[in-house]
Each structure stands twice: as structure tokens, then as C-alpha cells.
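Visitor: Enclosed is the structure file entry_16.txt (compact mmCIF, C-alpha atoms and all ligand atoms).
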# COMPACT_ATOMS: atom_id res chain seq x y z
CA MET A 126 150.68 194.66 64.43
CA LEU A 127 148.87 191.53 63.30
CA ILE A 128 150.13 188.04 64.19
CA ARG A 129 148.51 185.40 61.98
CA ARG A 130 149.12 181.95 60.51
CA ALA A 131 151.60 182.06 57.63
CA LYS A 132 150.52 181.46 54.03
CA LYS A 133 152.43 180.26 50.97
CA GLU A 134 152.53 183.84 49.67
CA ASP A 135 154.59 184.86 52.75
CA TYR A 136 157.50 182.50 52.12
CA ALA A 137 159.38 184.76 49.69
CA ALA A 138 159.27 187.56 52.27
CA PHE A 139 160.43 185.14 55.01
CA ALA A 140 163.38 184.07 52.86
CA ALA A 141 164.31 187.73 52.20
CA ILE A 142 164.24 188.43 55.96
CA GLU A 143 166.52 185.44 56.60
CA THR A 144 169.11 186.51 54.03
CA ALA A 145 169.14 190.06 55.44
CA HIS A 146 170.69 188.53 58.60
CA PRO A 147 174.05 187.11 57.41
CA GLY A 148 175.01 183.92 59.18
CA TYR A 149 171.49 183.15 60.34
CA PRO A 150 170.63 179.52 59.46
CA ALA A 151 168.16 180.01 56.61
CA TRP A 152 165.30 177.65 55.78
CA GLY A 153 164.55 179.25 52.42
CA GLN A 154 161.14 179.19 50.78
CA ASN A 155 161.31 175.40 50.33
CA GLY A 156 161.99 174.90 54.01
CA PHE A 157 158.87 176.81 55.03
CA GLU A 158 156.83 175.00 52.41
CA ALA A 159 158.04 171.61 53.67
CA GLU A 160 156.75 172.48 57.16
CA GLU A 161 153.19 172.45 55.81
CA LYS A 162 153.40 168.64 55.74
CA ASN A 163 154.41 168.45 59.41
CA ARG A 164 151.25 168.32 61.51
CA HIS A 165 153.17 169.41 64.64
CA SER A 166 154.48 172.55 62.95
CA VAL A 167 153.10 176.09 63.33
CA THR A 168 154.43 179.02 61.33
CA LEU A 169 153.20 182.51 62.18
CA ALA A 170 153.73 185.78 60.35
CA ALA A 171 153.87 189.27 61.85
CA GLU A 172 152.31 191.82 59.55
CA GLU A 173 152.58 195.56 59.83
CA GLY A 174 150.99 198.02 57.45
CA GLY A 175 150.41 195.17 54.98
CA ALA A 176 154.11 194.19 54.99
CA VAL A 177 155.59 191.00 56.43
CA ALA A 178 157.66 192.13 59.41
CA GLY A 179 158.80 188.77 60.79
CA PHE A 180 158.06 185.10 61.36
CA ILE A 181 158.31 182.31 63.88
CA ASN A 182 158.14 178.54 63.51
CA PHE A 183 157.69 176.07 66.33
CA TRP A 184 156.64 172.46 66.81
CA ILE A 185 154.03 171.46 69.33
CA LEU A 186 155.29 168.14 70.71
CA ARG A 187 153.17 167.99 73.84
CA PRO A 188 154.29 168.37 76.62
CA GLN A 189 157.08 170.33 74.91
CA VAL A 190 157.23 173.13 72.36
CA GLN A 191 160.37 173.41 70.20
CA LEU A 192 161.09 176.89 68.85
CA ASN A 193 162.87 176.36 65.53
CA THR A 194 163.29 179.72 63.85
CA LEU A 195 162.43 183.36 64.49
CA ALA A 196 163.51 186.48 62.61
CA VAL A 197 162.40 190.06 62.04
CA GLY A 198 163.04 192.26 59.00
CA LYS A 199 165.69 194.96 59.31
CA ASP A 200 163.11 197.76 58.93
CA PHE A 201 161.10 196.47 61.87
CA LEU A 202 163.72 195.74 64.53
CA ARG A 203 163.29 196.83 68.16
CA ARG A 204 159.58 197.49 67.84
CA GLY A 205 158.35 194.48 69.78
CA THR A 206 157.73 192.23 66.75
CA ALA A 207 159.75 189.25 67.98
CA SER A 208 158.30 189.67 71.43
CA ALA A 209 154.77 189.61 69.99
CA LEU A 210 155.56 186.45 67.99
CA ILE A 211 156.90 184.78 71.14
CA GLY A 212 153.80 185.91 73.04
CA LYS A 213 151.56 184.19 70.49
CA MET A 214 153.69 181.02 70.69
CA LEU A 215 153.21 181.06 74.49
CA GLU A 216 149.44 181.21 73.92
CA TYR A 217 149.66 178.12 71.67
CA ALA A 218 151.77 176.38 74.33
CA ALA A 219 149.24 177.13 77.05
CA LYS A 220 146.23 176.09 74.95
CA ASN A 221 147.97 172.84 74.02
CA LEU A 222 148.81 172.12 77.67
CA CYS A 223 152.55 172.22 77.01
CA ARG A 224 154.82 172.44 80.03
CA GLU A 225 158.02 173.83 78.53
CA ILE A 226 159.45 175.57 75.50
CA ASP A 227 162.94 174.78 74.30
CA LEU A 228 165.23 176.49 71.81
CA GLU A 229 168.84 176.71 70.67
CA VAL A 230 170.57 180.03 70.11
CA ASN A 231 174.08 180.91 68.97
CA GLU A 232 176.10 181.86 72.07
CA ASN A 233 177.27 185.00 70.21
CA ASN A 234 173.73 186.17 69.41
CA ALA A 235 173.51 188.61 72.32
CA GLY A 236 170.36 190.32 71.01
CA ALA A 237 168.37 187.11 70.76
CA ILE A 238 169.63 185.87 74.14
CA ALA A 239 168.51 189.17 75.72
CA LEU A 240 165.12 188.80 74.04
CA TYR A 241 164.63 185.24 75.28
CA ARG A 242 165.72 186.08 78.83
CA ARG A 243 163.23 188.92 78.84
CA ARG A 244 160.51 186.48 77.78
CA GLY A 245 161.28 184.12 80.66
CA PHE A 246 163.78 181.68 79.09
CA GLU A 247 166.82 180.46 81.01
CA VAL A 248 170.01 178.80 79.84
CA VAL A 249 169.86 175.09 80.67
CA GLY A 250 172.73 173.71 78.58
CA LYS A 251 175.31 174.23 75.90
CA ARG A 252 176.23 172.35 72.72
CA PRO A 253 179.82 173.09 71.66
CA LYS A 254 180.60 173.67 67.97
CA PHE A 255 176.93 173.47 67.04
CA TYR A 256 176.93 176.15 64.33
CA ASN A 257 179.32 175.61 61.38
CA ASN A 258 181.44 173.49 63.69
CA THR A 259 182.60 176.65 65.52
CA ASP A 260 180.04 178.55 67.63
CA ALA A 261 178.33 176.83 70.53
CA ALA A 262 174.57 176.72 70.92
CA LEU A 263 173.00 177.67 74.21
CA LEU A 264 169.95 175.61 75.09
CA MET A 265 167.29 177.83 76.61
CA ARG A 266 164.05 176.76 78.23
CA ARG A 267 160.92 178.45 79.51
CA VAL A 268 158.86 176.41 81.92
CA MET A 269 155.19 177.35 81.74
CA PRO A 270 153.74 178.40 85.09
CA VAL A 271 150.96 176.07 86.22
CA GLU A 272 148.31 178.80 86.06
CA ASP A 273 149.08 179.35 82.36
CA THR A 274 147.97 175.83 81.52
CA LEU A 275 144.78 175.62 83.57
C1 LIG B 301 166.64 188.69 67.64
C2 LIG B 301 165.49 189.33 66.85
C3 LIG B 301 164.50 188.26 66.46
C4 LIG B 301 164.80 190.40 67.74
O1 LIG B 301 163.68 190.92 67.04
P1 LIG B 301 163.00 192.31 67.45
O2 LIG B 301 161.64 192.35 66.85
O3 LIG B 301 163.90 193.43 67.13
O4 LIG B 301 162.90 192.18 69.03
P2 LIG B 301 161.90 192.99 70.01
O5 LIG B 301 161.71 194.38 69.47
O6 LIG B 301 160.68 192.18 70.24
O7 LIG B 301 162.80 193.03 71.33
C5 LIG B 301 162.26 192.82 72.63
C6 LIG B 301 163.39 192.96 73.64
O8 LIG B 301 164.41 191.97 73.40
C7 LIG B 301 165.72 192.54 73.64
N1 LIG B 301 166.45 192.70 72.36
C8 LIG B 301 165.99 192.47 71.11
N2 LIG B 301 166.97 192.69 70.19
C9 LIG B 301 168.06 193.07 70.89
C10 LIG B 301 169.38 193.44 70.50
N3 LIG B 301 169.78 193.44 69.20
N4 LIG B 301 170.26 193.77 71.47
C11 LIG B 301 169.90 193.76 72.78
N5 LIG B 301 168.64 193.44 73.22
C12 LIG B 301 167.74 193.08 72.28
C13 LIG B 301 165.44 193.92 74.24
O9 LIG B 301 165.28 193.73 75.65
C14 LIG B 301 164.12 194.28 73.59
O10 LIG B 301 163.40 195.25 74.29
P3 LIG B 301 163.72 196.83 74.04
O11 LIG B 301 163.72 197.07 72.56
O12 LIG B 301 162.58 197.50 74.75
O13 LIG B 301 165.07 197.07 74.66
C15 LIG B 301 166.04 190.07 65.58
O14 LIG B 301 167.15 190.86 65.93
C16 LIG B 301 166.45 189.13 64.47
O15 LIG B 301 165.64 188.79 63.61
N6 LIG B 301 167.74 188.70 64.45
C17 LIG B 301 168.23 187.79 63.42
C18 LIG B 301 167.63 186.41 63.57
C19 LIG B 301 167.88 185.83 64.94
O16 LIG B 301 168.94 185.97 65.49
N7 LIG B 301 166.85 185.15 65.48
C20 LIG B 301 166.92 184.49 66.77
C21 LIG B 301 167.28 183.09 66.50
S1 LIG B 301 167.49 182.05 67.89
Now that the file is in, can you turn its structure into C-alpha cells?

Guide:
Amino acid sequence: MLIRRAKKEDYAAFAAIETAHPGYPAWGQNGFEAEEKNRHSVTLAAEEGGAVAGFINFWILRPQVQLNTLAVGKDFLRRGTASALIGKMLEYAAKNLCREIDLEVNENNAGAIALYRRRGFEVVGKRPKFYNNTDAALLMRRVMPVEDTL
């Protein structure tokens, strides 16, 4: 699997991946395109066999990284794609001397919560009625070990 910077030509595939997960807050092609103007923003694509398997977007706001969106296509689930995208984000965090990575996840999204816990994130807070004025968001954080940033 190849993890690389996203290109304009990827955005249609990203949007299709989003809509394949009903209820997931979608950015749409325009949303990804708008990120190109944000100098803090990094969007990465996971590519497998020439196909776009997933994406991640995060902002580097030193000393913090904010993970904004992450999704994997239905045909590629449970093959380590999301984990590889998170791994690359952690490399960016370390190289940019960031101390922590923060994200919000729907409290009912057990799969994503399991993924984040496995990658070293812990729940540090909760925002009630965050999604569609019903589901709460869990705030999760990964503090970078000192040796990662030296
Ligand atoms: C959550 C999501 C990104 C996971 O992508 P993925 O590529 O399938 O995840 P990985 O294969 O890297 O999973 C790594 C580990 O995370 C955990 N995990 C991932 N998905 C899981 C699920 N549905 N249920 C339980 N554990 C899960 C497992 O521990 C897994 O390891 P294992 O397969 O060896 O058991 C994917 O299901 C998705 O795109 N969901 C819709 C969008 C979304 O919810 N994004 C997160 C937004 S905050």
C-alpha cells in the first residue's frame, strides 16, 4: 500500500468513499479542494493496486495536530489502511515537533474508537449533542512520546 499526498484527481474517489459510509460527515469534492488553500492542512491518500483505498486530512497547528477526517473504502476495510494513514500522520507530527494529536469521534462509532485506542489515543472529553444535535462526540488525544520528537 502506498501513502502519498492527495491530488485533485483523487477528490471524486474521496467523495465516493464518504458517501459509502452513511451518516459520516462528508466534505465532498469541494471541501477537499478548499483545503488546498489552507497552509496548515495535509491530505493524504492511500492507494492500493492503483485504486484509492482511503484518505486522511489533518492540520498541523504546532504544537498540536488536529485530525479532521479519515475514511476507508468498503472494499478495503480491515486491511490496515486507516492504521497506515494514522502512522503517516504520526510521522508528520514528529517531524513538525508536535506534542499532541486531537480528534473528535462519534461516541457510537465503535470501530473508529477501537482503531484510535489501538493507535495510542485516549478519551479526554466529551461534547454532548455534537453530531446532528443528537450523538455526542468523544474527544480523543494522543500525546507524542518525547523520543518521537527528538
Ligand atoms: C474506522 C475506519 C476508518 C477503519 O478503517 P480500516 O482501514 O478498516 O481500519 P484498519 O484496518 O486500519 O484497522 C486497524 C484496527 O482498528 C480496529 N478496528 C478498525 N475497524 C474496526 C471495526 N469496524 N470494529 C472494531 N475494530 C475496528 C481493529 O483493532 C483493527 O485491527 P484488526 O483488523 O487487526 O482487528 C473505517 O471503518 C471507516 O472508514 N469508517 C467510516 C468513516 C469513519 O468512521 N472514520 C472515522 C472518523 S473519526

Visitor: Can you tell me which residues come within 10 Å of ligand LIG 301 (chain B) when counting only C-alpha atoms and all ligand atoms, ideally as number ranges by chain?

Guide: A: 142-151, 171, 178-181, 192-212, 228-244, 262-265

Visitor: Rounded to one decimal in Å, what is the spacing between CA of Tyr217 in chain A and CA of Asn163 in chain A?

Guide: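 Going from CA of Tyr217 in chain A over to CA of Asn163 in chain A, I get 16.3 Å.
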
Visitor: Kindly give the distance, in Å, that separates CA of Glu172 in chain A and CA of Arg129 in chain A, rounded to a single decimal.

Guide: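 That distance, rounded to one decimal, is 7.8 Å.
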
Visitor: Out of A:Cys223, A:Gly156, A:Ala131, A:Pro253, which residue has the shortest atom-to-atom distance to Gln191 in chain A when counting all atoms listed in the file?

Guide: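 Under the stated criterion, the closest residue is A:Cys223.
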
Visitor: Residues within 12 Å of Met269 in chain A, please, as an NGL selection string. Count only C-alpha atoms; anything in the same chain fewer than 4 positions from it doesn't count.

Guide: :A and (188-190 or 214-227 or 244-246 or 273-275)

Visitor: Could you jot down the CA of Asp135 in chain A to CA of Arg266 in chain A separation for me, Å, one decimal place?

Guide: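 These atoms are spaced 28.4 Å apart.
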
Visitor: Nearest to Glu160 in chain A: which of A:Phe183, A:Ala138, A:Ala261, A:Phe255 is it, counting all atoms listed in the file?

Guide: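 Counting all atoms listed in the file, the residue closest to Glu160 in chain A is A:Phe183.
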